[in-house]
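Data from run.tsv: TSV, C-alpha atoms
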```tsv
chain	number	residue	atom	x	y	z
A	123	MET	CA	-18.30	15.64	57.82
A	124	GLU	CA	-21.56	14.07	56.78
A	125	ARG	CA	-21.38	10.40	56.02
A	126	TYR	CA	-22.69	10.63	52.46
A	127	LEU	CA	-20.33	13.49	51.67
A	128	VAL	CA	-17.33	11.41	52.69
A	129	ALA	CA	-18.58	8.54	50.57
A	130	ILE	CA	-19.04	10.75	47.52
A	131	VAL	CA	-15.68	12.46	47.86
A	132	VAL	CA	-13.85	9.16	48.35
A	133	GLY	CA	-15.70	7.63	45.40
A	134	ILE	CA	-14.90	10.50	43.08
A	135	ALA	CA	-11.26	10.55	44.11
A	136	ALA	CA	-10.91	6.80	43.60
A	137	GLY	CA	-12.63	6.85	40.22
A	138	PHE	CA	-10.65	9.80	38.98
A	139	LEU	CA	-7.38	8.24	40.09
A	140	ASP	CA	-8.35	5.05	38.29
A	141	ARG	CA	-8.98	6.96	35.07
A	142	LEU	CA	-5.69	8.81	35.44
A	143	ILE	CA	-3.78	5.58	35.84
A	144	MET	CA	-5.53	3.95	32.89
A	145	LEU	CA	-4.83	6.94	30.66
A	146	ARG	CA	-1.52	6.02	29.21
A	147	SER	CA	0.16	7.65	26.29
A	148	ASP	CA	2.56	5.03	25.06
A	149	TYR	CA	4.37	4.10	21.88
A	150	ARG	CA	1.09	3.51	20.12
A	151	PHE	CA	0.93	7.28	19.99
A	152	TYR	CA	-2.42	7.72	21.56
A	153	PRO	CA	-3.58	10.11	22.86
A	154	THR	CA	-0.67	12.42	22.32
A	155	TYR	CA	-2.52	15.67	22.47
A	156	PRO	CA	-3.09	17.57	25.72
A	157	HIS	CA	-6.67	18.15	24.62
A	158	GLY	CA	-7.23	14.44	24.29
A	159	TYR	CA	-6.01	14.04	27.85
A	160	LEU	CA	-8.32	16.73	29.09
A	161	THR	CA	-11.35	15.29	27.33
A	162	HIS	CA	-10.79	11.87	28.80
A	163	LEU	CA	-9.99	13.14	32.27
A	164	ALA	CA	-13.10	15.28	32.28
A	165	LEU	CA	-15.27	12.37	31.19
A	166	GLY	CA	-13.53	10.18	33.73
A	167	PHE	CA	-14.39	12.71	36.42
A	168	ILE	CA	-18.03	12.69	35.39
A	169	ALA	CA	-18.03	8.88	35.41
A	170	ALA	CA	-16.44	8.87	38.86
A	171	GLY	CA	-19.07	11.33	40.09
A	172	LEU	CA	-21.88	9.15	38.77
A	173	GLY	CA	-20.48	6.05	40.39
A	174	ALA	CA	-19.84	7.80	43.68
A	175	VAL	CA	-23.36	9.15	44.16
A	176	ALA	CA	-25.10	5.85	43.37
A	177	ILE	CA	-24.65	4.18	46.77
A	178	PRO	CA	-25.56	7.20	48.94
A	179	ALA	CA	-28.58	7.69	46.67
A	180	ILE	CA	-29.79	4.14	47.18
A	181	ALA	CA	-29.15	4.36	50.92
A	182	LYS	CA	-31.07	7.60	51.30
A	183	PRO	CA	-33.28	6.07	49.62
A	184	ASP	CA	-33.65	7.96	46.37
A	185	TYR	CA	-34.22	5.36	43.68
A	186	VAL	CA	-34.88	7.90	40.95
A	187	ALA	CA	-31.30	9.11	41.24
A	188	VAL	CA	-30.06	5.63	40.38
A	189	THR	CA	-31.80	5.70	37.03
A	190	PHE	CA	-29.29	8.35	36.14
A	191	LEU	CA	-26.75	5.58	35.77
A	192	ALA	CA	-28.64	4.26	32.76
A	193	LEU	CA	-28.55	7.70	31.28
A	194	ALA	CA	-24.84	7.85	31.90
A	195	ALA	CA	-24.20	4.59	30.07
A	196	GLN	CA	-25.80	6.18	27.03
A	197	GLN	CA	-23.46	9.10	27.41
A	198	PHE	CA	-20.39	6.93	27.53
A	199	ARG	CA	-21.36	5.10	24.38
A	200	GLU	CA	-20.73	8.45	22.75
A	201	ILE	CA	-17.09	8.17	23.73
A	202	ARG	CA	-16.69	5.17	21.53
A	203	SER	CA	-18.06	6.91	18.46
A	204	MET	CA	-16.07	10.02	19.29
A	205	GLU	CA	-12.81	8.06	19.35
A	206	ARG	CA	-13.74	6.08	16.30
A	207	GLU	CA	-14.54	9.19	14.35
A	208	THR	CA	-11.35	11.00	15.31
A	209	LEU	CA	-9.11	8.08	14.53
A	210	SER	CA	-10.84	7.25	11.26
A	211	LYS	CA	-10.49	10.85	10.14
A	212	LEU	CA	-6.80	10.85	10.97
A	213	GLU	CA	-6.41	7.56	9.16
A	214	GLU	CA	-6.95	9.24	5.80
A	215	SER	CA	-3.70	11.16	6.06
A	216	LYS	CA	-1.58	8.33	7.37
A	217	LEU	CA	1.10	6.63	5.29
A	218	ILE	CA	0.73	3.45	7.30
A	219	PRO	CA	-2.86	3.17	8.52
A	220	ARG	CA	-3.91	1.59	11.80
A	221	GLY	CA	-6.75	-0.31	10.22
A	222	PRO	CA	-10.42	-0.25	11.20
A	223	ASP	CA	-10.06	-3.21	13.59
A	224	TYR	CA	-7.42	-1.46	15.64
A	225	ILE	CA	-9.46	1.73	15.77
A	226	GLU	CA	-12.55	-0.15	16.88
A	227	GLY	CA	-10.47	-1.85	19.56
A	228	ILE	CA	-9.11	1.44	20.86
A	229	ALA	CA	-12.56	3.04	20.84
A	230	ARG	CA	-14.05	0.12	22.74
A	231	VAL	CA	-11.29	0.25	25.33
A	232	PHE	CA	-11.92	3.94	25.92
A	233	GLU	CA	-15.57	3.25	26.53
A	234	ALA	CA	-14.90	0.29	28.80
A	235	ARG	CA	-12.46	2.28	30.92
A	236	ASN	CA	-15.23	4.64	31.91
A	237	TYR	CA	-17.39	1.76	33.09
A	238	LEU	CA	-14.49	0.55	35.18
A	239	VAL	CA	-14.21	4.03	36.63
A	240	ILE	CA	-17.90	3.93	37.56
A	241	LEU	CA	-17.41	0.55	39.23
A	242	THR	CA	-14.35	1.71	41.14
A	243	ALA	CA	-16.11	4.84	42.34
A	244	MET	CA	-19.20	2.89	43.32
A	245	ALA	CA	-17.30	0.22	45.23
A	246	SER	CA	-15.16	2.66	47.17
A	247	SER	CA	-18.07	4.94	47.99
A	248	ALA	CA	-20.06	1.91	49.22
A	249	VAL	CA	-17.22	0.90	51.52
A	250	ALA	CA	-16.81	4.47	52.73
A	251	TYR	CA	-20.54	4.80	53.35
A	252	TRP	CA	-21.12	1.59	55.28
A	253	TRP	CA	-17.71	1.15	56.95
A	254	ARG	CA	-14.89	3.64	57.19
A	255	TRP	CA	-13.11	5.75	54.64
A	256	GLU	CA	-9.79	4.09	55.54
A	257	TYR	CA	-11.16	0.80	54.26
A	258	ALA	CA	-12.42	2.59	51.17
A	259	VAL	CA	-8.84	3.52	50.28
A	260	ILE	CA	-7.94	-0.17	50.32
A	261	ALA	CA	-11.02	-1.01	48.24
A	262	ALA	CA	-10.10	1.69	45.75
A	263	LEU	CA	-6.57	0.35	45.40
A	264	LEU	CA	-7.90	-3.17	44.84
A	265	CYS	CA	-10.31	-1.86	42.20
A	266	ILE	CA	-7.54	0.01	40.44
A	267	VAL	CA	-5.32	-3.07	40.33
A	268	PHE	CA	-8.29	-5.07	39.09
A	269	SER	CA	-9.05	-2.53	36.35
A	270	THR	CA	-5.48	-2.43	35.07
A	271	LYS	CA	-5.43	-6.24	35.02
A	272	LEU	CA	-8.73	-6.36	33.20
A	273	MET	CA	-7.64	-3.85	30.58
A	274	GLY	CA	-4.41	-5.75	29.95
A	275	GLY	CA	-5.47	-8.04	27.11
A	276	SER	CA	-3.10	-10.45	25.43
A	277	TYR	CA	-0.16	-9.83	23.15
A	278	ILE	CA	1.22	-11.37	19.97
A	279	GLY	CA	4.18	-12.70	21.95
A	280	GLU	CA	1.78	-14.83	23.99
A	281	ILE	CA	-0.05	-16.40	21.07
A	282	ALA	CA	2.81	-16.74	18.62
A	283	GLN	CA	6.50	-17.32	18.33
A	284	VAL	CA	8.47	-14.52	16.71
A	285	GLU	CA	11.62	-15.48	14.82
A	286	LYS	CA	14.11	-13.79	12.58
A	287	GLY	CA	13.48	-14.27	8.85
A	288	GLU	CA	15.91	-14.06	5.96
A	289	ILE	CA	15.24	-11.70	3.05
A	290	ILE	CA	15.74	-13.47	-0.27
A	291	PHE	CA	15.16	-12.52	-3.91
A	292	ASP	CA	13.99	-15.24	-6.25
A	293	GLY	CA	14.36	-13.34	-9.51
A	294	SER	CA	12.07	-10.40	-8.97
A	295	ILE	CA	10.09	-12.07	-6.19
A	296	LEU	CA	10.84	-10.83	-2.70
A	297	LYS	CA	10.61	-13.52	-0.05
A	298	VAL	CA	11.06	-13.79	3.67
A	299	ASN	CA	12.28	-17.36	4.14
A	300	ASP	CA	9.73	-19.29	2.06
A	301	VAL	CA	6.93	-16.74	2.15
A	302	ILE	CA	6.35	-14.69	-0.98
A	303	ILE	CA	5.94	-11.01	-0.18
A	304	MET	CA	5.79	-9.18	-3.50
A	305	ASN	CA	7.26	-8.60	-6.92
A	306	VAL	CA	9.90	-5.88	-7.06
A	307	GLY	CA	10.74	-4.59	-10.52
A	308	LEU	CA	13.61	-2.17	-10.15
A	309	THR	CA	17.14	-3.44	-9.55
A	310	GLU	CA	17.98	-0.44	-7.40
A	311	THR	CA	15.02	-1.13	-5.12
A	312	ARG	CA	16.02	-4.78	-4.85
A	313	LYS	CA	19.53	-3.79	-3.79
A	314	LYS	CA	18.15	-1.38	-1.23
A	315	ILE	CA	15.87	-4.03	0.18
A	316	MET	CA	18.76	-6.52	0.39
A	317	ARG	CA	20.83	-3.88	2.21
A	318	GLU	CA	18.30	-2.46	4.61
A	319	GLY	CA	15.27	-4.74	4.68
A	320	MET	CA	14.36	-6.82	7.69
A	321	GLY	CA	12.12	-9.85	7.88
A	322	ILE	CA	10.55	-11.80	10.67
A	323	ILE	CA	8.42	-14.90	10.86
A	324	ILE	CA	5.46	-15.04	13.24
A	325	LYS	CA	4.52	-18.63	14.01
A	326	PRO	CA	1.13	-19.10	15.69
A	327	ARG	CA	1.12	-21.44	18.68
A	328	ASP	CA	-2.35	-22.92	18.02
A	329	ASP	CA	-5.37	-22.72	15.74
A	330	ASN	CA	-6.84	-19.71	17.52
A	331	ALA	CA	-3.62	-17.82	17.03
A	332	ARG	CA	-3.49	-18.82	13.39
A	333	LEU	CA	-6.93	-17.35	12.78
A	334	THR	CA	-6.00	-14.19	14.65
A	335	LEU	CA	-2.90	-13.69	12.52
A	336	ASP	CA	-4.90	-14.42	9.38
A	337	ALA	CA	-7.07	-11.36	9.91
A	338	PRO	CA	-5.85	-8.42	7.83
A	339	GLY	CA	-6.88	-6.08	10.64
A	340	GLN	CA	-4.45	-7.75	13.05
A	341	ARG	CA	-1.66	-7.59	10.49
A	342	MET	CA	-2.27	-3.90	9.92
A	343	ALA	CA	-2.11	-3.35	13.67
A	344	ILE	CA	1.24	-5.15	13.86
A	345	ILE	CA	2.65	-3.12	11.00
A	346	HIS	CA	1.33	0.12	12.44
A	347	ASP	CA	2.86	-0.48	15.84
A	348	VAL	CA	6.23	-1.46	14.40
A	349	VAL	CA	6.33	1.52	12.07
A	350	SER	CA	5.31	3.95	14.80
A	351	ILE	CA	8.52	3.02	16.64
A	352	LEU	CA	11.08	2.00	14.05
A	353	GLY	CA	9.79	4.21	11.23
A	354	SER	CA	9.61	3.20	7.58
A	355	LYS	CA	11.04	4.45	4.33
A	356	VAL	CA	7.67	4.76	2.67
A	357	ASP	CA	6.85	8.20	1.37
A	358	VAL	CA	3.96	9.80	-0.44
A	359	SER	CA	3.98	8.30	-3.96
A	360	GLU	CA	6.99	6.15	-3.08
A	361	THR	CA	5.25	3.09	-1.85
A	362	GLU	CA	7.68	0.42	-3.01
A	363	LEU	CA	9.16	-0.07	0.43
A	364	ARG	CA	5.80	-0.45	2.09
A	365	PRO	CA	5.95	-2.93	4.97
A	366	LEU	CA	3.86	-6.01	4.28
A	367	ALA	CA	2.67	-9.05	6.17
A	368	ARG	CA	1.94	-12.15	4.16
A	369	LYS	CA	1.09	-15.65	5.24
A	370	GLN	CA	2.49	-18.99	4.24
A	371	ALA	CA	-0.84	-20.37	3.13
A	372	ASP	CA	0.17	-24.02	3.53
A	373	LYS	CA	1.84	-23.81	6.88
A	374	GLY	CA	-0.17	-20.97	8.39
A	375	TYR	CA	2.55	-18.69	9.64
A	376	LEU	CA	3.07	-15.06	8.86
A	377	ALA	CA	6.04	-13.24	7.37
A	378	LEU	CA	6.60	-9.56	7.97
A	379	PHE	CA	8.78	-7.39	5.79
A	380	LEU	CA	9.97	-3.90	6.68
A	381	VAL	CA	12.50	-1.32	5.56
A	382	ALA	CA	12.88	0.75	8.70
A	383	ASN	CA	14.57	4.00	9.58
A	384	GLU	CA	16.02	2.23	12.59
A	385	PRO	CA	17.09	-1.15	11.28
A	386	ASP	CA	17.34	-3.06	14.51
A	387	GLN	CA	16.26	-6.67	14.14
A	388	GLU	CA	16.30	-7.37	17.87
A	389	TYR	CA	13.88	-4.61	18.78
A	390	PHE	CA	11.79	-5.27	15.71
A	391	MET	CA	11.01	-8.70	17.14
A	392	GLU	CA	10.43	-7.34	20.64
A	393	ILE	CA	7.97	-4.75	19.36
A	394	VAL	CA	6.00	-7.34	17.42
A	395	LYS	CA	5.76	-9.49	20.55
A	396	ARG	CA	4.18	-6.56	22.39
A	397	VAL	CA	1.51	-5.75	19.81
A	398	PRO	CA	-1.91	-6.25	21.38
A	399	VAL	CA	-4.22	-8.93	20.03
A	400	ILE	CA	-7.15	-7.03	18.55
A	401	GLU	CA	-10.41	-8.02	20.16
A	402	SER	CA	-12.40	-8.21	16.94
A	403	THR	CA	-9.88	-10.38	15.11
A	404	ARG	CA	-9.27	-12.86	17.89
A	405	GLY	CA	-9.67	-16.42	16.64
A	406	THR	CA	-11.96	-18.66	18.67
A	407	ALA	CA	-11.83	-21.90	16.68
A	408	LEU	CA	-10.74	-23.96	19.68
A	409	LYS	CA	-13.79	-22.87	21.64
A	410	SER	CA	-16.09	-24.80	19.34
A	411	PHE	CA	-16.46	-28.56	19.36
A	412	PHE	CA	-15.65	-29.02	15.69
A	413	GLY	CA	-12.80	-26.58	15.93
A	414	ARG	CA	-11.17	-28.72	18.58
A	415	LYS	CA	-11.84	-31.89	16.62
A	416	ALA	CA	-10.43	-30.44	13.41
A	417	ALA	CA	-7.33	-29.15	15.17
A	418	ASP	CA	-5.89	-32.57	15.96
B	21	MET	CA	-8.99	-0.49	3.19
B	22	ASN	CA	-5.50	-1.34	2.06
B	23	LYS	CA	-5.14	-5.07	2.38
B	24	GLY	CA	-2.30	-5.24	-0.11
B	25	LEU	CA	-1.53	-5.41	-3.75
B	26	LYS	CA	-4.39	-4.69	-6.09
B	27	GLY	CA	-5.21	-2.30	-8.88
B	28	GLY	CA	-4.95	-1.86	-12.62
B	29	ILE	CA	-1.91	-1.53	-14.86
B	30	LEU	CA	-1.07	2.13	-15.44
B	31	ALA	CA	1.77	1.79	-17.93
B	32	ILE	CA	4.00	-0.83	-19.52
B	33	VAL	CA	7.70	-0.42	-20.20
B	34	THR	CA	9.17	-3.00	-22.55
B	35	MET	CA	12.21	-3.63	-24.66
B	36	ASP	CA	10.39	-6.05	-26.92
B	37	LYS	CA	7.17	-4.65	-28.32
B	38	ASP	CA	6.08	-8.07	-29.61
B	39	LYS	CA	5.62	-9.20	-26.04
B	40	VAL	CA	2.83	-6.69	-25.51
B	41	THR	CA	-0.41	-6.48	-27.40
B	42	GLY	CA	-3.83	-5.02	-26.92
B	43	GLY	CA	-4.70	-1.68	-25.48
B	44	GLY	CA	-5.93	-0.12	-22.32
B	45	CYS	CA	-2.72	1.43	-21.11
B	46	PRO	CA	0.23	3.22	-22.63
B	47	VAL	CA	3.26	1.16	-23.67
B	48	PHE	CA	6.71	2.70	-23.53
B	49	LEU	CA	9.55	1.23	-25.55
B	50	ALA	CA	13.03	1.21	-24.05
B	51	VAL	CA	16.22	0.51	-25.97
B	52	ASP	CA	18.10	-1.15	-23.13
B	53	GLN	CA	17.76	-2.32	-19.55
B	54	LYS	CA	19.13	0.96	-18.21
B	55	GLU	CA	16.52	3.02	-19.99
B	56	GLN	CA	13.83	0.57	-18.96
B	57	GLU	CA	14.73	0.92	-15.29
B	58	LYS	CA	14.80	4.68	-15.58
B	59	LEU	CA	11.48	4.89	-17.38
B	60	GLY	CA	9.99	2.52	-14.86
B	61	LEU	CA	11.22	4.58	-11.93
B	62	PHE	CA	10.00	7.86	-13.39
B	63	LEU	CA	6.60	6.54	-14.32
B	64	ALA	CA	6.15	4.89	-10.96
B	65	ARG	CA	6.95	8.07	-9.09
B	66	ILE	CA	4.73	10.22	-11.28
B	67	LEU	CA	1.82	7.80	-11.35
B	68	ASP	CA	2.04	6.88	-7.65
B	69	GLY	CA	2.63	3.26	-8.50
B	70	ILE	CA	5.10	0.43	-8.11
B	71	VAL	CA	7.24	-1.16	-10.80
B	72	HIS	CA	6.79	-4.89	-11.28
B	73	ASP	CA	8.95	-7.15	-13.36
B	74	LEU	CA	7.37	-9.94	-15.40
B	75	GLU	CA	10.86	-11.38	-15.95
B	76	ASN	CA	10.44	-11.49	-19.72
B	77	GLY	CA	11.74	-8.03	-20.42
B	78	VAL	CA	8.41	-6.38	-19.59
B	79	TYR	CA	7.96	-4.01	-16.66
B	80	PHE	CA	4.63	-2.62	-15.68
B	81	ILE	CA	3.51	0.05	-13.29
B	82	CYS	CA	0.64	-0.67	-11.01
B	83	ARG	CA	-1.00	1.29	-8.23
B	84	HIS	CA	-1.81	-0.45	-4.98
```

Can you give me the file's structure in the form of structure tokens?
Amino acid sequence: MERYLVAIVVGIAAGFLDRLIMLRSDYRFYPTYPHGYLTHLALGFIAAGLGAVAIPAIAKPDYVAVTFLALAAQQFREIRSMERETLSKLEESKLIPRGPDYIEGIARVFEARNYLVILTAMASSAVAYWWRWEYAVIAALLCIVFSTKLMGGSYIGEIAQVEKGEIIFDGSILKVNDVIIMNVGLTETRKKIMREGMGIIIKPRDDNARLTLDAPGQRMAIIHDVVSILGSKVDVSETELRPLARKQADKGYLALFLVANEPDQEYFMEIVKRVPVIESTRGTALKSFFGRKAAD
Amino acid sequence: MNKGLKGGILAIVTMDKDKVTGGGCPVFLAVDQKEQEKLGLFLARILDGIVHDLENGVYFICRH
């Protein structure tokens, strides 16, 4: 087989495999539709193709072909707006919304994954072109491991401590430990909350984490993830049992309240620990000079 | 975006009409606590709101 053909085939295969591995449909319920899969796999294939032809094109040399990469980047920006649009549309009919920050995060990740696919395809096709295709397989595997590591991100469990909270009523005021959640008027609802409600306390480990948990977008993401697994007893026009996250303004920690379909405190805490930290809400106070000074 | 509790008062349910004055929203009078709870529940469901208790015998319904 021709040398450039091998390089292109290896590159495409590596890139496509990378995209397939990064396309996970997990408890965050996305993407759950076969069509969503197909769209992303098809785009991943195109990205892999673009990455794979770049090195043989340069080596030929055909520099004009490389400018296609710039064109491709434009194309993949579309993915972000496509995801954003879909998710924002779906948001309107959700009882517990994801929140715009979460959607933006997901959309950005989808875009970034395609760039990683291009990189993977390019690296493996380069190795296949200049050395041997056996080495390219190793390069591809390394790239795939690298991409999954890079897309990992951090989780709430890493930036904060999650503890069990006690649900208390102070007259009509619902509290989780010492954090005020809301005012509940009806006695029946109060009884139901006492029976079935669960509370947890999320204590940030440092100032960055505190700022992250302060952001309403991050709180919405936590609530959405929890509800998408444990369920909630909120219904259309019955919003009294809506899960809420409120902060202890003086001490900086967060209290989360939920009436779930599956009232399991243990898993509730585990799920919260595994909620991703949203990129756009991540606190960076400790990166600045004054932030560090003010923290101590 | 739903950041939490906000919105206007849709209705007031009270046992003591002297505790409520002014206008802007309908006021329902209840004879006892039981009726007040019931009225509160019904109004909340119909109006898509939540019942809040001011702890002075006045309930109000608010949409969030």

Distance-based interface of chain A with chain B, 9 Å, counting all atoms listed in the file, as a PyMOL selection string: chain A and resi 219+221-222+293-295+304-310+338-339+342+358-362+366-367

Create the file for the chosen residues now, containing C-alpha atoms and written as a PDB file, in the coordinates of the input.
```pdb
ATOM      1  CA  PRO A 219      -2.860   3.170   8.520  1.00  0.00           C
ATOM      2  CA  GLY A 221      -6.750  -0.310  10.220  1.00  0.00           C
ATOM      3  CA  PRO A 222     -10.420  -0.250  11.200  1.00  0.00           C
ATOM      4  CA  GLY A 293      14.360 -13.340  -9.510  1.00  0.00           C
ATOM      5  CA  SER A 294      12.070 -10.400  -8.970  1.00  0.00           C
ATOM      6  CA  ILE A 295      10.090 -12.070  -6.190  1.00  0.00           C
ATOM      7  CA  MET A 304       5.790  -9.180  -3.500  1.00  0.00           C
ATOM      8  CA  ASN A 305       7.260  -8.600  -6.920  1.00  0.00           C
ATOM      9  CA  VAL A 306       9.900  -5.880  -7.060  1.00  0.00           C
ATOM     10  CA  GLY A 307      10.740  -4.590 -10.520  1.00  0.00           C
ATOM     11  CA  LEU A 308      13.610  -2.170 -10.150  1.00  0.00           C
ATOM     12  CA  THR A 309      17.140  -3.440  -9.550  1.00  0.00           C
ATOM     13  CA  GLU A 310      17.980  -0.440  -7.400  1.00  0.00           C
ATOM     14  CA  PRO A 338      -5.850  -8.420   7.830  1.00  0.00           C
ATOM     15  CA  GLY A 339      -6.880  -6.080  10.640  1.00  0.00           C
ATOM     16  CA  MET A 342      -2.270  -3.900   9.920  1.00  0.00           C
ATOM     17  CA  VAL A 358       3.960   9.800  -0.440  1.00  0.00           C
ATOM     18  CA  SER A 359       3.980   8.300  -3.960  1.00  0.00           C
ATOM     19  CA  GLU A 360       6.990   6.150  -3.080  1.00  0.00           C
ATOM     20  CA  THR A 361       5.250   3.090  -1.850  1.00  0.00           C
ATOM     21  CA  GLU A 362       7.680   0.420  -3.010  1.00  0.00           C
ATOM     22  CA  LEU A 366       3.860  -6.010   4.280  1.00  0.00           C
ATOM     23  CA  ALA A 367       2.670  -9.050   6.170  1.00  0.00           C
TER      24      ALA A 367
END
```

Atomic distance CA of Gly158 in chain A - CA of Tyr389 in chain A, expressed in Å with one decimal: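 One can read the CA of Gly158 in chain A to CA of Tyr389 in chain A distance as 29.0 Å.
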
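Those residues that approach Gly321 in chain A to within 10 Å, counting only C-alpha atoms, are Glu285, Lys286, Gly287, Glu288, Ile289, Ile290, Lys297, Val298, Asn299, Pro365, Leu366, Ala367, Ala377, Leu378, Phe379, Leu380, Val381, Gln387, Phe390 and Met391 of chain A; same-chain residues fewer than 4 positions away are not listed.
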
Selected residues written out with C-alpha atoms, as a PDB file, keeping the file's coordinate frame:
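Below you can see part.pdb, which holds the result:
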```pdb
ATOM      1  CA  GLU A 285      11.620 -15.480  14.820  1.00  0.00           C
ATOM      2  CA  LYS A 286      14.110 -13.790  12.580  1.00  0.00           C
ATOM      3  CA  GLY A 287      13.480 -14.270   8.850  1.00  0.00           C
ATOM      4  CA  GLU A 288      15.910 -14.060   5.960  1.00  0.00           C
ATOM      5  CA  ILE A 289      15.240 -11.700   3.050  1.00  0.00           C
ATOM      6  CA  ILE A 290      15.740 -13.470  -0.270  1.00  0.00           C
ATOM      7  CA  LYS A 297      10.610 -13.520  -0.050  1.00  0.00           C
ATOM      8  CA  VAL A 298      11.060 -13.790   3.670  1.00  0.00           C
ATOM      9  CA  ASN A 299      12.280 -17.360   4.140  1.00  0.00           C
ATOM     10  CA  PRO A 365       5.950  -2.930   4.970  1.00  0.00           C
ATOM     11  CA  LEU A 366       3.860  -6.010   4.280  1.00  0.00           C
ATOM     12  CA  ALA A 367       2.670  -9.050   6.170  1.00  0.00           C
ATOM     13  CA  ALA A 377       6.040 -13.240   7.370  1.00  0.00           C
ATOM     14  CA  LEU A 378       6.600  -9.560   7.970  1.00  0.00           C
ATOM     15  CA  PHE A 379       8.780  -7.390   5.790  1.00  0.00           C
ATOM     16  CA  LEU A 380       9.970  -3.900   6.680  1.00  0.00           C
ATOM     17  CA  VAL A 381      12.500  -1.320   5.560  1.00  0.00           C
ATOM     18  CA  GLN A 387      16.260  -6.670  14.140  1.00  0.00           C
ATOM     19  CA  PHE A 390      11.790  -5.270  15.710  1.00  0.00           C
ATOM     20  CA  MET A 391      11.010  -8.700  17.140  1.00  0.00           C
TER      21      MET A 391
END
```

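Here CA of Arg141 in chain A stands at a distance of 5.7 Å from CA of Gly166 in chain A.
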
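We find CA of Leu217 in chain A and CA of Arg404 in chain A to be spaced 25.4 Å apart.
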
Selected residue of minimal separation from Ala262 in chain A among A:Ser203, A:Thr406, A:Thr242, A:Thr311, counting only C-alpha atoms: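 The answer is A:Thr242, which sits nearest to Ala262 in chain A.
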
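Residues surrounding Cys45 in chain B within 12 Å are Gly28, Ile29, Leu30, Ala31, Ile32, Val33, Phe80, Ile81 and Cys82 of chain B [all atoms listed in the file; sequence separation below 6 positions excluded].
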
Near-range 263-277 of chain A list (7 Å; all atoms listed in the file; drop same-chain fewer than 4 positions) as an NGL selection string: :A and (140 or 144 or 238 or 242 or 259 or 281 or 395-399)

Selected residue of minimal separation from Ser350 in chain A among A:Glu200, A:Glu384, A:Asp372, A:Glu214, counting all atoms listed in the file: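 Closest candidate: A:Glu384.
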
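All residues of protein, DNA or RNA that reach within 9 Å of Ala229 in chain A, judged by all atoms listed in the file and not counting those fewer than 5 positions away in the chain, are Ile201, Arg202, Ser203, Met204, Glu205, Arg206, Leu209, Tyr224 and Ala234 of chain A.
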
Non-local contacts of Ser354 in chain A (7 Å; only C-alpha atoms; under 3 positions in same chain excluded) as a PyMOL selection string: chain A and resi 349+381-383

Would you output that residue set with C-alpha atoms, as a CSV table (one decimal), in the coordinates of the input?
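Result saved to part_30.csv:
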```csv
chain,number,residue,atom,x,y,z
A,349,VAL,CA,6.3,1.5,12.1
A,381,VAL,CA,12.5,-1.3,5.6
A,382,ALA,CA,12.9,0.8,8.7
A,383,ASN,CA,14.6,4.0,9.6
```

Proximity to Val394 in chain A - best of A:Ser410, A:Asn330, A:Gln283, A:Gln196, only C-alpha atoms: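 Using only C-alpha atoms, Val394 in chain A sits closest to A:Gln283.
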